[in-house]
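Here is data.cif, consisting of mmCIF, N, CA and C atoms and all ligand atoms:
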```
data_run
#
loop_
_atom_site.label_atom_id
_atom_site.label_comp_id
_atom_site.auth_asym_id
_atom_site.auth_seq_id
_atom_site.Cartn_x
_atom_site.Cartn_y
_atom_site.Cartn_z
N MET A 357 -119.84 139.91 -16.01
CA MET A 357 -118.61 139.70 -16.81
C MET A 357 -117.84 138.48 -16.30
N GLU A 358 -118.60 137.41 -16.09
CA GLU A 358 -118.03 136.17 -15.58
C GLU A 358 -116.85 135.68 -16.44
N ASN A 359 -117.03 135.78 -17.74
CA ASN A 359 -115.99 135.27 -18.64
C ASN A 359 -114.66 135.99 -18.54
N THR A 360 -114.76 137.32 -18.45
CA THR A 360 -113.54 138.12 -18.35
C THR A 360 -112.78 137.74 -17.09
N ARG A 361 -113.56 137.55 -15.99
CA ARG A 361 -112.92 137.23 -14.73
C ARG A 361 -112.24 135.87 -14.82
N ASN A 362 -112.96 134.90 -15.42
CA ASN A 362 -112.40 133.57 -15.58
C ASN A 362 -111.11 133.59 -16.39
N THR A 363 -111.14 134.35 -17.48
CA THR A 363 -109.97 134.44 -18.33
C THR A 363 -108.79 134.99 -17.56
N LYS A 364 -109.07 136.00 -16.73
CA LYS A 364 -108.02 136.62 -15.94
C LYS A 364 -107.41 135.62 -14.95
N GLN A 365 -108.28 134.85 -14.30
CA GLN A 365 -107.80 133.85 -13.35
C GLN A 365 -106.97 132.78 -14.04
N LYS A 366 -107.46 132.34 -15.19
CA LYS A 366 -106.73 131.33 -15.95
C LYS A 366 -105.35 131.85 -16.36
N GLN A 367 -105.35 133.12 -16.81
CA GLN A 367 -104.11 133.76 -17.23
C GLN A 367 -103.10 133.78 -16.08
N LEU A 368 -103.62 134.07 -14.90
CA LEU A 368 -102.77 134.15 -13.72
C LEU A 368 -102.19 132.78 -13.37
N ILE A 369 -103.02 131.76 -13.45
CA ILE A 369 -102.55 130.39 -13.18
C ILE A 369 -101.48 129.99 -14.20
N LEU A 370 -101.73 130.33 -15.45
CA LEU A 370 -100.73 130.02 -16.48
C LEU A 370 -99.41 130.73 -16.20
N GLU A 371 -99.52 131.99 -15.77
CA GLU A 371 -98.30 132.76 -15.46
C GLU A 371 -97.52 132.12 -14.33
N VAL A 372 -98.25 131.70 -13.30
CA VAL A 372 -97.60 131.05 -12.16
C VAL A 372 -96.86 129.80 -12.64
N LEU A 373 -97.53 129.02 -13.49
CA LEU A 373 -96.93 127.77 -13.97
C LEU A 373 -95.78 128.01 -14.95
N GLN A 374 -95.84 129.14 -15.62
CA GLN A 374 -94.76 129.47 -16.55
C GLN A 374 -93.46 129.82 -15.82
N HIS A 375 -93.61 130.26 -14.56
CA HIS A 375 -92.44 130.71 -13.83
C HIS A 375 -91.80 129.64 -12.97
N THR A 376 -92.12 128.39 -13.26
CA THR A 376 -91.51 127.32 -12.50
C THR A 376 -91.09 126.19 -13.43
N ASN A 377 -90.03 125.49 -13.06
CA ASN A 377 -89.58 124.36 -13.87
C ASN A 377 -90.21 123.06 -13.45
N CYS A 378 -90.69 123.04 -12.21
CA CYS A 378 -91.24 121.80 -11.66
C CYS A 378 -92.76 121.87 -11.63
N PRO A 379 -93.41 120.72 -11.70
CA PRO A 379 -94.86 120.71 -11.54
C PRO A 379 -95.25 121.23 -10.16
N MET A 380 -96.41 121.88 -10.08
CA MET A 380 -96.88 122.43 -8.81
C MET A 380 -98.17 121.76 -8.37
N SER A 381 -98.33 121.60 -7.08
CA SER A 381 -99.58 121.06 -6.55
C SER A 381 -100.61 122.19 -6.48
N ILE A 382 -101.86 121.81 -6.28
CA ILE A 382 -102.93 122.82 -6.13
C ILE A 382 -102.58 123.79 -5.00
N ASN A 383 -102.05 123.24 -3.91
CA ASN A 383 -101.69 124.11 -2.79
C ASN A 383 -100.62 125.13 -3.15
N ASP A 384 -99.59 124.66 -3.88
CA ASP A 384 -98.54 125.59 -4.34
C ASP A 384 -99.15 126.69 -5.19
N ILE A 385 -100.02 126.30 -6.12
CA ILE A 385 -100.64 127.27 -7.04
C ILE A 385 -101.51 128.23 -6.24
N TYR A 386 -102.29 127.66 -5.33
CA TYR A 386 -103.18 128.48 -4.50
C TYR A 386 -102.41 129.54 -3.73
N GLN A 387 -101.28 129.14 -3.11
CA GLN A 387 -100.46 130.09 -2.34
C GLN A 387 -100.02 131.28 -3.19
N LYS A 388 -99.65 130.98 -4.43
CA LYS A 388 -99.20 132.05 -5.34
C LYS A 388 -100.35 132.95 -5.77
N ILE A 389 -101.49 132.33 -6.11
CA ILE A 389 -102.63 133.09 -6.63
C ILE A 389 -103.24 133.97 -5.54
N VAL A 390 -103.33 133.41 -4.32
CA VAL A 390 -104.01 134.12 -3.24
C VAL A 390 -103.28 135.43 -2.87
N SER A 391 -102.00 135.48 -3.17
CA SER A 391 -101.27 136.72 -2.91
C SER A 391 -101.66 137.82 -3.91
N GLN A 392 -102.26 137.40 -5.03
CA GLN A 392 -102.69 138.39 -6.03
C GLN A 392 -104.20 138.59 -6.05
N ILE A 393 -104.95 137.52 -5.79
CA ILE A 393 -106.41 137.62 -5.67
C ILE A 393 -106.76 137.10 -4.28
N PRO A 394 -106.75 137.97 -3.26
CA PRO A 394 -106.84 137.54 -1.86
C PRO A 394 -108.04 136.66 -1.50
N HIS A 395 -109.18 136.85 -2.16
CA HIS A 395 -110.37 136.11 -1.71
C HIS A 395 -110.74 134.96 -2.62
N ILE A 396 -109.82 134.53 -3.44
CA ILE A 396 -110.13 133.44 -4.38
C ILE A 396 -110.31 132.13 -3.61
N ALA A 397 -111.31 131.36 -4.03
CA ALA A 397 -111.56 130.07 -3.38
C ALA A 397 -110.76 128.99 -4.08
N LYS A 398 -110.38 127.98 -3.31
CA LYS A 398 -109.62 126.89 -3.90
C LYS A 398 -110.43 126.19 -5.00
N SER A 399 -111.76 126.14 -4.79
CA SER A 399 -112.61 125.49 -5.80
C SER A 399 -112.56 126.23 -7.13
N THR A 400 -112.39 127.54 -7.06
CA THR A 400 -112.26 128.35 -8.29
C THR A 400 -110.99 127.96 -9.02
N ILE A 401 -109.92 127.75 -8.26
CA ILE A 401 -108.66 127.34 -8.88
C ILE A 401 -108.80 125.97 -9.51
N TYR A 402 -109.45 125.05 -8.81
CA TYR A 402 -109.71 123.72 -9.38
C TYR A 402 -110.45 123.82 -10.71
N ARG A 403 -111.49 124.69 -10.71
CA ARG A 403 -112.30 124.85 -11.92
C ARG A 403 -111.47 125.38 -13.08
N ASN A 404 -110.63 126.36 -12.79
CA ASN A 404 -109.78 126.93 -13.84
C ASN A 404 -108.76 125.93 -14.33
N ILE A 405 -108.21 125.16 -13.40
CA ILE A 405 -107.23 124.13 -13.76
C ILE A 405 -107.88 123.11 -14.70
N ASP A 406 -109.11 122.70 -14.37
CA ASP A 406 -109.85 121.76 -15.22
C ASP A 406 -110.02 122.31 -16.63
N ALA A 407 -110.37 123.59 -16.69
CA ALA A 407 -110.57 124.23 -17.99
C ALA A 407 -109.26 124.25 -18.78
N LEU A 408 -108.16 124.55 -18.09
CA LEU A 408 -106.85 124.61 -18.75
C LEU A 408 -106.43 123.22 -19.25
N LEU A 409 -106.78 122.19 -18.47
CA LEU A 409 -106.49 120.81 -18.89
C LEU A 409 -107.27 120.48 -20.16
N LYS A 410 -108.55 120.88 -20.18
CA LYS A 410 -109.39 120.60 -21.34
C LYS A 410 -108.88 121.35 -22.57
N GLN A 411 -108.33 122.54 -22.32
CA GLN A 411 -107.78 123.33 -23.44
C GLN A 411 -106.41 122.83 -23.84
N ASN A 412 -105.92 121.82 -23.12
CA ASN A 412 -104.64 121.22 -23.44
C ASN A 412 -103.45 122.18 -23.25
N LEU A 413 -103.60 123.08 -22.30
CA LEU A 413 -102.54 124.06 -22.06
C LEU A 413 -101.60 123.61 -20.93
N ILE A 414 -102.09 122.71 -20.10
CA ILE A 414 -101.25 122.21 -19.01
C ILE A 414 -101.31 120.68 -18.95
N ASP A 415 -100.33 120.12 -18.29
CA ASP A 415 -100.27 118.67 -18.07
C ASP A 415 -100.53 118.38 -16.61
N LYS A 416 -101.08 117.20 -16.33
CA LYS A 416 -101.20 116.83 -14.94
C LYS A 416 -100.37 115.58 -14.65
N TYR A 417 -99.90 115.52 -13.43
CA TYR A 417 -99.09 114.39 -12.99
C TYR A 417 -99.61 113.87 -11.67
N TYR A 418 -99.56 112.58 -11.51
CA TYR A 418 -99.84 112.00 -10.19
C TYR A 418 -98.51 111.71 -9.54
N LEU A 419 -98.21 112.41 -8.47
CA LEU A 419 -96.94 112.22 -7.79
C LEU A 419 -97.20 112.11 -6.31
N ASN A 420 -96.17 111.66 -5.58
CA ASN A 420 -96.29 111.79 -4.14
C ASN A 420 -97.55 111.11 -3.62
N ASP A 421 -97.69 109.83 -3.90
CA ASP A 421 -98.86 109.11 -3.43
C ASP A 421 -100.15 109.66 -4.01
N ASN A 422 -100.14 109.82 -5.34
CA ASN A 422 -101.34 110.22 -6.07
C ASN A 422 -101.83 111.64 -5.83
N GLU A 423 -100.98 112.51 -5.30
CA GLU A 423 -101.34 113.92 -5.26
C GLU A 423 -101.19 114.45 -6.68
N LEU A 424 -102.08 115.34 -7.05
CA LEU A 424 -102.01 115.88 -8.41
C LEU A 424 -101.09 117.09 -8.50
N PHE A 425 -100.27 117.11 -9.52
CA PHE A 425 -99.39 118.24 -9.79
C PHE A 425 -99.63 118.71 -11.22
N TYR A 426 -99.41 119.98 -11.43
CA TYR A 426 -99.67 120.54 -12.75
C TYR A 426 -98.45 121.27 -13.29
N GLN A 427 -98.32 121.20 -14.61
CA GLN A 427 -97.22 121.91 -15.25
C GLN A 427 -97.69 122.42 -16.60
N ILE A 428 -97.09 123.52 -17.00
CA ILE A 428 -97.41 124.08 -18.30
C ILE A 428 -97.04 123.04 -19.37
N LYS A 429 -97.85 122.92 -20.38
CA LYS A 429 -97.61 121.91 -21.41
C LYS A 429 -96.30 122.17 -22.15
N GLN A 430 -95.52 121.13 -22.29
CA GLN A 430 -94.29 121.22 -23.07
C GLN A 430 -94.70 121.14 -24.54
N SER A 431 -93.74 121.05 -25.44
CA SER A 431 -94.08 120.91 -26.85
C SER A 431 -94.94 119.66 -27.00
N SER A 432 -95.76 119.62 -28.04
CA SER A 432 -96.78 118.57 -28.13
C SER A 432 -96.19 117.15 -28.13
N HIS A 433 -94.96 116.99 -28.56
CA HIS A 433 -94.40 115.63 -28.62
C HIS A 433 -93.69 115.25 -27.33
N GLU A 434 -93.20 116.25 -26.66
CA GLU A 434 -92.38 115.98 -25.50
C GLU A 434 -93.19 116.03 -24.20
N HIS A 435 -92.89 115.16 -23.30
CA HIS A 435 -93.46 115.31 -21.97
C HIS A 435 -92.48 114.71 -20.98
N ASN A 436 -92.61 115.10 -19.75
CA ASN A 436 -91.67 114.66 -18.73
C ASN A 436 -92.36 113.85 -17.66
N HIS A 437 -91.57 113.12 -16.93
CA HIS A 437 -92.07 112.45 -15.74
C HIS A 437 -91.21 112.86 -14.56
N TYR A 438 -91.81 112.83 -13.39
CA TYR A 438 -91.11 113.29 -12.20
C TYR A 438 -91.22 112.29 -11.07
N VAL A 439 -90.22 112.31 -10.21
CA VAL A 439 -90.31 111.56 -8.96
C VAL A 439 -90.05 112.53 -7.82
N ILE A 440 -90.64 112.24 -6.68
CA ILE A 440 -90.44 113.09 -5.51
C ILE A 440 -89.79 112.26 -4.42
N CYS A 441 -88.78 112.83 -3.78
CA CYS A 441 -88.11 112.16 -2.67
C CYS A 441 -89.11 112.01 -1.51
N ASP A 442 -89.21 110.79 -0.98
CA ASP A 442 -90.14 110.53 0.13
C ASP A 442 -89.80 111.34 1.37
N CYS A 443 -88.51 111.68 1.53
CA CYS A 443 -88.09 112.39 2.74
C CYS A 443 -88.23 113.90 2.60
N CYS A 444 -87.50 114.50 1.66
CA CYS A 444 -87.45 115.96 1.60
C CYS A 444 -88.40 116.55 0.57
N LYS A 445 -89.10 115.68 -0.18
CA LYS A 445 -90.10 116.12 -1.17
C LYS A 445 -89.49 116.88 -2.35
N LYS A 446 -88.18 116.76 -2.50
CA LYS A 446 -87.54 117.40 -3.65
C LYS A 446 -87.96 116.64 -4.92
N MET A 447 -88.10 117.38 -6.01
CA MET A 447 -88.59 116.77 -7.24
C MET A 447 -87.47 116.54 -8.24
N PHE A 448 -87.48 115.39 -8.88
CA PHE A 448 -86.48 115.08 -9.90
C PHE A 448 -87.18 114.70 -11.19
N GLN A 449 -86.57 115.12 -12.31
CA GLN A 449 -87.14 114.79 -13.61
C GLN A 449 -86.54 113.47 -14.10
N LEU A 450 -87.36 112.58 -14.61
CA LEU A 450 -86.83 111.34 -15.18
C LEU A 450 -86.09 111.67 -16.47
N PRO A 451 -84.98 110.98 -16.73
CA PRO A 451 -84.19 111.30 -17.92
C PRO A 451 -84.93 111.02 -19.22
N LEU A 452 -85.87 110.09 -19.20
CA LEU A 452 -86.61 109.79 -20.43
C LEU A 452 -87.95 109.16 -20.07
N CYS A 453 -88.78 109.04 -21.07
CA CYS A 453 -90.06 108.36 -20.85
C CYS A 453 -89.97 106.94 -21.38
N PRO A 454 -90.01 105.95 -20.48
CA PRO A 454 -89.88 104.56 -20.93
C PRO A 454 -91.15 104.00 -21.56
N ILE A 455 -92.21 104.78 -21.53
CA ILE A 455 -93.50 104.27 -22.01
C ILE A 455 -93.59 104.25 -23.54
N HIS A 456 -92.77 105.10 -24.18
CA HIS A 456 -92.86 105.17 -25.65
C HIS A 456 -92.66 103.82 -26.32
N THR A 457 -91.70 103.05 -25.82
CA THR A 457 -91.44 101.72 -26.38
C THR A 457 -92.68 100.83 -26.22
N ILE A 458 -93.27 100.92 -25.02
CA ILE A 458 -94.47 100.14 -24.74
C ILE A 458 -95.62 100.60 -25.64
N GLU A 459 -95.70 101.93 -25.79
CA GLU A 459 -96.76 102.51 -26.62
C GLU A 459 -96.69 101.98 -28.06
N ASP A 460 -95.47 101.96 -28.60
CA ASP A 460 -95.27 101.47 -29.96
C ASP A 460 -95.72 100.01 -30.09
N ALA A 461 -95.34 99.22 -29.09
CA ALA A 461 -95.71 97.81 -29.10
C ALA A 461 -97.22 97.64 -29.04
N MET A 462 -97.87 98.47 -28.20
CA MET A 462 -99.32 98.38 -28.06
C MET A 462 -100.03 98.82 -29.34
N LYS A 463 -99.44 99.80 -30.03
CA LYS A 463 -100.01 100.28 -31.29
C LYS A 463 -100.10 99.14 -32.29
N LYS A 464 -99.06 98.31 -32.29
CA LYS A 464 -99.04 97.16 -33.19
C LYS A 464 -100.18 96.20 -32.86
N GLU A 465 -100.58 96.20 -31.61
CA GLU A 465 -101.71 95.37 -31.16
C GLU A 465 -103.04 96.06 -31.46
N GLY A 466 -102.95 97.28 -31.98
CA GLY A 466 -104.16 98.03 -32.28
C GLY A 466 -104.71 98.80 -31.10
N PHE A 467 -103.91 98.87 -30.02
CA PHE A 467 -104.36 99.58 -28.82
C PHE A 467 -103.75 100.96 -28.77
N THR A 468 -104.57 101.98 -28.60
CA THR A 468 -104.05 103.34 -28.50
C THR A 468 -104.07 103.81 -27.05
N ILE A 469 -102.91 104.09 -26.51
CA ILE A 469 -102.82 104.61 -25.14
C ILE A 469 -103.07 106.10 -25.19
N SER A 470 -104.06 106.58 -24.43
CA SER A 470 -104.36 108.01 -24.46
C SER A 470 -103.60 108.77 -23.38
N GLU A 471 -103.39 108.15 -22.25
CA GLU A 471 -102.67 108.80 -21.16
C GLU A 471 -101.83 107.76 -20.43
N HIS A 472 -100.74 108.20 -19.83
CA HIS A 472 -100.01 107.28 -18.96
C HIS A 472 -99.34 108.04 -17.84
N TYR A 473 -99.16 107.38 -16.72
CA TYR A 473 -98.53 107.98 -15.56
C TYR A 473 -97.48 107.03 -15.04
N ILE A 474 -96.42 107.57 -14.51
CA ILE A 474 -95.39 106.73 -13.93
C ILE A 474 -95.28 107.06 -12.44
N GLN A 475 -95.39 106.05 -11.63
CA GLN A 475 -95.35 106.24 -10.18
C GLN A 475 -94.08 105.58 -9.64
N ILE A 476 -93.17 106.40 -9.18
CA ILE A 476 -91.92 105.88 -8.61
C ILE A 476 -91.74 106.52 -7.24
N SER A 477 -91.37 105.73 -6.26
CA SER A 477 -91.06 106.34 -4.97
C SER A 477 -89.66 105.94 -4.53
N GLY A 478 -89.08 106.74 -3.66
CA GLY A 478 -87.72 106.48 -3.20
C GLY A 478 -87.17 107.69 -2.49
N ILE A 479 -85.89 107.63 -2.16
CA ILE A 479 -85.28 108.78 -1.49
C ILE A 479 -84.04 109.24 -2.25
N CYS A 480 -83.75 110.52 -2.14
CA CYS A 480 -82.66 111.13 -2.90
C CYS A 480 -81.31 110.87 -2.22
N LYS A 481 -80.27 111.25 -2.93
CA LYS A 481 -78.88 111.06 -2.48
C LYS A 481 -78.63 111.67 -1.11
N GLU A 482 -79.07 112.94 -0.95
CA GLU A 482 -78.83 113.65 0.32
C GLU A 482 -79.53 112.95 1.49
N CYS A 483 -80.78 112.57 1.26
CA CYS A 483 -81.53 111.93 2.33
C CYS A 483 -80.95 110.56 2.65
N LYS A 484 -80.50 109.89 1.62
CA LYS A 484 -79.89 108.55 1.84
C LYS A 484 -78.65 108.69 2.70
N ALA A 485 -77.84 109.72 2.40
CA ALA A 485 -76.61 109.95 3.18
C ALA A 485 -76.93 110.21 4.64
N LYS A 486 -78.01 110.97 4.87
CA LYS A 486 -78.40 111.29 6.26
C LYS A 486 -78.82 110.04 7.03
N HIS A 487 -79.33 109.07 6.32
CA HIS A 487 -79.83 107.87 7.00
C HIS A 487 -78.78 106.78 7.14
N GLU A 488 -77.61 107.02 6.57
CA GLU A 488 -76.57 105.98 6.64
C GLU A 488 -75.70 106.12 7.88
ZN ZN B 1 -84.53 113.83 -0.18
ZN ZN B 2 -94.30 109.32 -20.60
#
```

Would you mind giving the structure from this file in structure tokens?
Ligand SMILES: [Zn+2]
Ligand SMILES: [Zn+2]
Amino acid sequence: MENTRNTKQKQLILEVLQHTNCPMSINDIYQKIVSQIPHIAKSTIYRNIDALLKQNLIDKYYLNDNELFYQIKQSSHEHNHYVICDCCKKMFQLPLCPIHTIEDAMKKEGFTISEHYIQISGICKECKAKHE
């Protein structure tokens, strides 16, 4: 009953991601899942995450020096970008996606952008205050 088990694991990963506002790393997800399925391998989680990405149920982000983070898919038109503070690793959501303007311009050139990532690094207000 491989399929049933897979479905259950996927369901659990989706549940974990539904209960958070911020994208989670594989390690974050693993910590949550392992408390419910004690002997689950990290590779199993990777496999399920891949399947969920293919099913278009979750989004992936490259943050924090290209570490991958995952989040439940927002509405099909909307998506968010995040930055992580280099010091305390707190996550912030960007107020908007600046790529849309670029995307429109590229469309006029006949180029279709399928995916895009925004990589921003820096430190937050609290950490900046500590260093001043
Ligand atoms: Zn900080
Ligand atoms: Zn965007």

Within 8 Å of ligand ZN 1 (chain B) (all atoms listed in the file), residues as a PDB file with N, CA and C atoms, keeping the file's coordinate frame:
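File written: pocket10.pdb
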```pdb
ATOM      1  N   ILE A 440     -90.640 112.240  -6.680  1.00  0.00           N
ATOM      2  CA  ILE A 440     -90.440 113.090  -5.510  1.00  0.00           C
ATOM      3  C   ILE A 440     -89.790 112.260  -4.420  1.00  0.00           C
ATOM      4  N   CYS A 441     -88.780 112.830  -3.780  1.00  0.00           N
ATOM      5  CA  CYS A 441     -88.110 112.160  -2.670  1.00  0.00           C
ATOM      6  C   CYS A 441     -89.110 112.010  -1.510  1.00  0.00           C
ATOM      7  N   ASP A 442     -89.210 110.790  -0.980  1.00  0.00           N
ATOM      8  CA  ASP A 442     -90.140 110.530   0.130  1.00  0.00           C
ATOM      9  C   ASP A 442     -89.800 111.340   1.370  1.00  0.00           C
ATOM     10  N   CYS A 443     -88.510 111.680   1.530  1.00  0.00           N
ATOM     11  CA  CYS A 443     -88.090 112.390   2.740  1.00  0.00           C
ATOM     12  C   CYS A 443     -88.230 113.900   2.600  1.00  0.00           C
ATOM     13  N   CYS A 444     -87.500 114.500   1.660  1.00  0.00           N
ATOM     14  CA  CYS A 444     -87.450 115.960   1.600  1.00  0.00           C
ATOM     15  C   CYS A 444     -88.400 116.550   0.570  1.00  0.00           C
ATOM     16  N   LYS A 445     -89.100 115.680  -0.180  1.00  0.00           N
ATOM     17  CA  LYS A 445     -90.100 116.120  -1.170  1.00  0.00           C
ATOM     18  C   LYS A 445     -89.490 116.880  -2.350  1.00  0.00           C
ATOM     19  N   LYS A 446     -88.180 116.760  -2.500  1.00  0.00           N
ATOM     20  CA  LYS A 446     -87.540 117.400  -3.650  1.00  0.00           C
ATOM     21  C   LYS A 446     -87.960 116.640  -4.920  1.00  0.00           C
ATOM     22  N   MET A 447     -88.100 117.380  -6.010  1.00  0.00           N
ATOM     23  CA  MET A 447     -88.590 116.770  -7.240  1.00  0.00           C
ATOM     24  C   MET A 447     -87.470 116.540  -8.240  1.00  0.00           C
ATOM     25  N   GLY A 478     -89.080 106.740  -3.660  1.00  0.00           N
ATOM     26  CA  GLY A 478     -87.720 106.480  -3.200  1.00  0.00           C
ATOM     27  C   GLY A 478     -87.170 107.690  -2.490  1.00  0.00           C
ATOM     28  N   ILE A 479     -85.890 107.630  -2.160  1.00  0.00           N
ATOM     29  CA  ILE A 479     -85.280 108.780  -1.490  1.00  0.00           C
ATOM     30  C   ILE A 479     -84.040 109.240  -2.250  1.00  0.00           C
ATOM     31  N   CYS A 480     -83.750 110.520  -2.140  1.00  0.00           N
ATOM     32  CA  CYS A 480     -82.660 111.130  -2.900  1.00  0.00           C
ATOM     33  C   CYS A 480     -81.310 110.870  -2.220  1.00  0.00           C
ATOM     34  N   LYS A 481     -80.270 111.250  -2.930  1.00  0.00           N
ATOM     35  CA  LYS A 481     -78.880 111.060  -2.480  1.00  0.00           C
ATOM     36  C   LYS A 481     -78.630 111.670  -1.110  1.00  0.00           C
ATOM     37  N   GLU A 482     -79.070 112.940  -0.950  1.00  0.00           N
ATOM     38  CA  GLU A 482     -78.830 113.650   0.320  1.00  0.00           C
ATOM     39  C   GLU A 482     -79.530 112.950   1.490  1.00  0.00           C
ATOM     40  N   CYS A 483     -80.780 112.570   1.260  1.00  0.00           N
ATOM     41  CA  CYS A 483     -81.530 111.930   2.330  1.00  0.00           C
ATOM     42  C   CYS A 483     -80.950 110.560   2.650  1.00  0.00           C
ATOM     43  N   LYS A 484     -80.500 109.890   1.620  1.00  0.00           N
ATOM     44  CA  LYS A 484     -79.890 108.550   1.840  1.00  0.00           C
ATOM     45  C   LYS A 484     -78.650 108.690   2.700  1.00  0.00           C
TER      46      LYS A 484
END
```

Exercise. Would you return as a count of residues only the members of chain A that DSSP assigns to strand (DSSP E or B) on this structure's backbone?
Key: 23

Practice problem: Give me every helix (DSSP H, G or I) residue in stretch 359-469 of chain A, going by DSSP on the backbone, as an MDAnalysis selection string. | Solution: chainID A and resid 359:374 382:390 398:410 455:464

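Restricting the calculation to all atoms listed in the file, the smallest distance between ligand ZN 2 (chain B) and any of A:Lys388, A:Asp460, A:Asn436, A:Leu450 is found for A:Asn436.
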
Quiz prompt | Within 8 Å of ligand ZN 2 (chain B) (only C-alpha atoms and all ligand atoms), residues as JSON, numbers by chain | solution = {"A": [435, 436, 437, 452, 453, 454, 455, 456, 472, 473, 474]}

Kindly save the residues from that selection, with N, CA and C atoms included, as a PDB file, in the frame of the given file.
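part_36.pdb, freshly written:
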```pdb
ATOM      1  N   HIS A 435     -92.890 115.160 -23.300  1.00  0.00           N
ATOM      2  CA  HIS A 435     -93.460 115.310 -21.970  1.00  0.00           C
ATOM      3  C   HIS A 435     -92.480 114.710 -20.980  1.00  0.00           C
ATOM      4  N   ASN A 436     -92.610 115.100 -19.750  1.00  0.00           N
ATOM      5  CA  ASN A 436     -91.670 114.660 -18.730  1.00  0.00           C
ATOM      6  C   ASN A 436     -92.360 113.850 -17.660  1.00  0.00           C
ATOM      7  N   HIS A 437     -91.570 113.120 -16.930  1.00  0.00           N
ATOM      8  CA  HIS A 437     -92.070 112.450 -15.740  1.00  0.00           C
ATOM      9  C   HIS A 437     -91.210 112.860 -14.560  1.00  0.00           C
ATOM     10  N   LEU A 452     -85.870 110.090 -19.200  1.00  0.00           N
ATOM     11  CA  LEU A 452     -86.610 109.790 -20.430  1.00  0.00           C
ATOM     12  C   LEU A 452     -87.950 109.160 -20.070  1.00  0.00           C
ATOM     13  N   CYS A 453     -88.780 109.040 -21.070  1.00  0.00           N
ATOM     14  CA  CYS A 453     -90.060 108.360 -20.850  1.00  0.00           C
ATOM     15  C   CYS A 453     -89.970 106.940 -21.380  1.00  0.00           C
ATOM     16  N   PRO A 454     -90.010 105.950 -20.480  1.00  0.00           N
ATOM     17  CA  PRO A 454     -89.880 104.560 -20.930  1.00  0.00           C
ATOM     18  C   PRO A 454     -91.150 104.000 -21.560  1.00  0.00           C
ATOM     19  N   ILE A 455     -92.210 104.780 -21.530  1.00  0.00           N
ATOM     20  CA  ILE A 455     -93.500 104.270 -22.010  1.00  0.00           C
ATOM     21  C   ILE A 455     -93.590 104.250 -23.540  1.00  0.00           C
ATOM     22  N   HIS A 456     -92.770 105.100 -24.180  1.00  0.00           N
ATOM     23  CA  HIS A 456     -92.860 105.170 -25.650  1.00  0.00           C
ATOM     24  C   HIS A 456     -92.660 103.820 -26.320  1.00  0.00           C
ATOM     25  N   HIS A 472    -100.740 108.200 -19.830  1.00  0.00           N
ATOM     26  CA  HIS A 472    -100.010 107.280 -18.960  1.00  0.00           C
ATOM     27  C   HIS A 472     -99.340 108.040 -17.840  1.00  0.00           C
ATOM     28  N   TYR A 473     -99.160 107.380 -16.720  1.00  0.00           N
ATOM     29  CA  TYR A 473     -98.530 107.980 -15.560  1.00  0.00           C
ATOM     30  C   TYR A 473     -97.480 107.030 -15.040  1.00  0.00           C
ATOM     31  N   ILE A 474     -96.420 107.570 -14.510  1.00  0.00           N
ATOM     32  CA  ILE A 474     -95.390 106.730 -13.930  1.00  0.00           C
ATOM     33  C   ILE A 474     -95.280 107.060 -12.440  1.00  0.00           C
TER      34      ILE A 474
END
```

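If you count only C-alpha atoms and ignore residues fewer than 2 places along the chain from A:Val439, what sits within 7 Å of it is Leu419, Cys441, Met447, Phe448, Gln449, Ile476 and Ser477 of chain A.
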
For stretch 392-405 of chain A, find every residue with an atom within 8 Å (counting all atoms listed in the file), except residues of its own chain fewer than 4 positions away, and show them as a CSV table (one decimal) with N, CA and C atoms, in the frame of the given file.
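The resulting file, around_18.csv, is reproduced below:
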```csv
chain,number,residue,atom,x,y,z
A,362,ASN,N,-113.0,134.9,-15.4
A,362,ASN,CA,-112.4,133.6,-15.6
A,362,ASN,C,-111.1,133.6,-16.4
A,365,GLN,N,-108.3,134.8,-14.3
A,365,GLN,CA,-107.8,133.8,-13.4
A,365,GLN,C,-107.0,132.8,-14.0
A,366,LYS,N,-107.5,132.3,-15.2
A,366,LYS,CA,-106.7,131.3,-16.0
A,366,LYS,C,-105.4,131.8,-16.4
A,369,ILE,N,-103.0,131.8,-13.4
A,369,ILE,CA,-102.6,130.4,-13.2
A,369,ILE,C,-101.5,130.0,-14.2
A,382,ILE,N,-101.9,121.8,-6.3
A,382,ILE,CA,-102.9,122.8,-6.1
A,382,ILE,C,-102.6,123.8,-5.0
A,385,ILE,N,-100.0,126.3,-6.1
A,385,ILE,CA,-100.6,127.3,-7.0
A,385,ILE,C,-101.5,128.2,-6.2
A,386,TYR,N,-102.3,127.7,-5.3
A,386,TYR,CA,-103.2,128.5,-4.5
A,386,TYR,C,-102.4,129.5,-3.7
A,387,GLN,N,-101.3,129.1,-3.1
A,387,GLN,CA,-100.5,130.1,-2.3
A,387,GLN,C,-100.0,131.3,-3.2
A,388,LYS,N,-99.6,131.0,-4.4
A,388,LYS,CA,-99.2,132.0,-5.3
A,388,LYS,C,-100.4,133.0,-5.8
A,409,LEU,N,-106.8,122.2,-18.5
A,409,LEU,CA,-106.5,120.8,-18.9
A,409,LEU,C,-107.3,120.5,-20.2
A,410,LYS,N,-108.6,120.9,-20.2
A,410,LYS,CA,-109.4,120.6,-21.3
A,410,LYS,C,-108.9,121.4,-22.6
A,411,GLN,N,-108.3,122.5,-22.3
A,411,GLN,CA,-107.8,123.3,-23.4
A,411,GLN,C,-106.4,122.8,-23.8
A,414,ILE,N,-102.1,122.7,-20.1
A,414,ILE,CA,-101.2,122.2,-19.0
A,414,ILE,C,-101.3,120.7,-19.0
```

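If you look at atom CA of A:Val372 and atom C of A:Glu423, they are 17.8 Å away from each other.
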
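With atom CA of A:His375 on one side and atom CA of A:Ile428 on the other, the separation reads 9.4 Å.
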
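Considering the residues A:Asp415, A:Asp421, A:Glu488, A:Glu459 and counting only C-alpha atoms, A:Gln475 has its shortest atom-to-atom contact with A:Asp421.
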
Quiz item: When you draw a straight line from atom CA of A:Phe425 to atom CA of A:Met380, how long is it in Å?
Solution: 5.0 Å

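If you measure from each of A:Lys486, A:Tyr418, A:Glu465, A:Leu413 to A:Leu373 using only C-alpha atoms, the closest one turns out to be A:Leu413.
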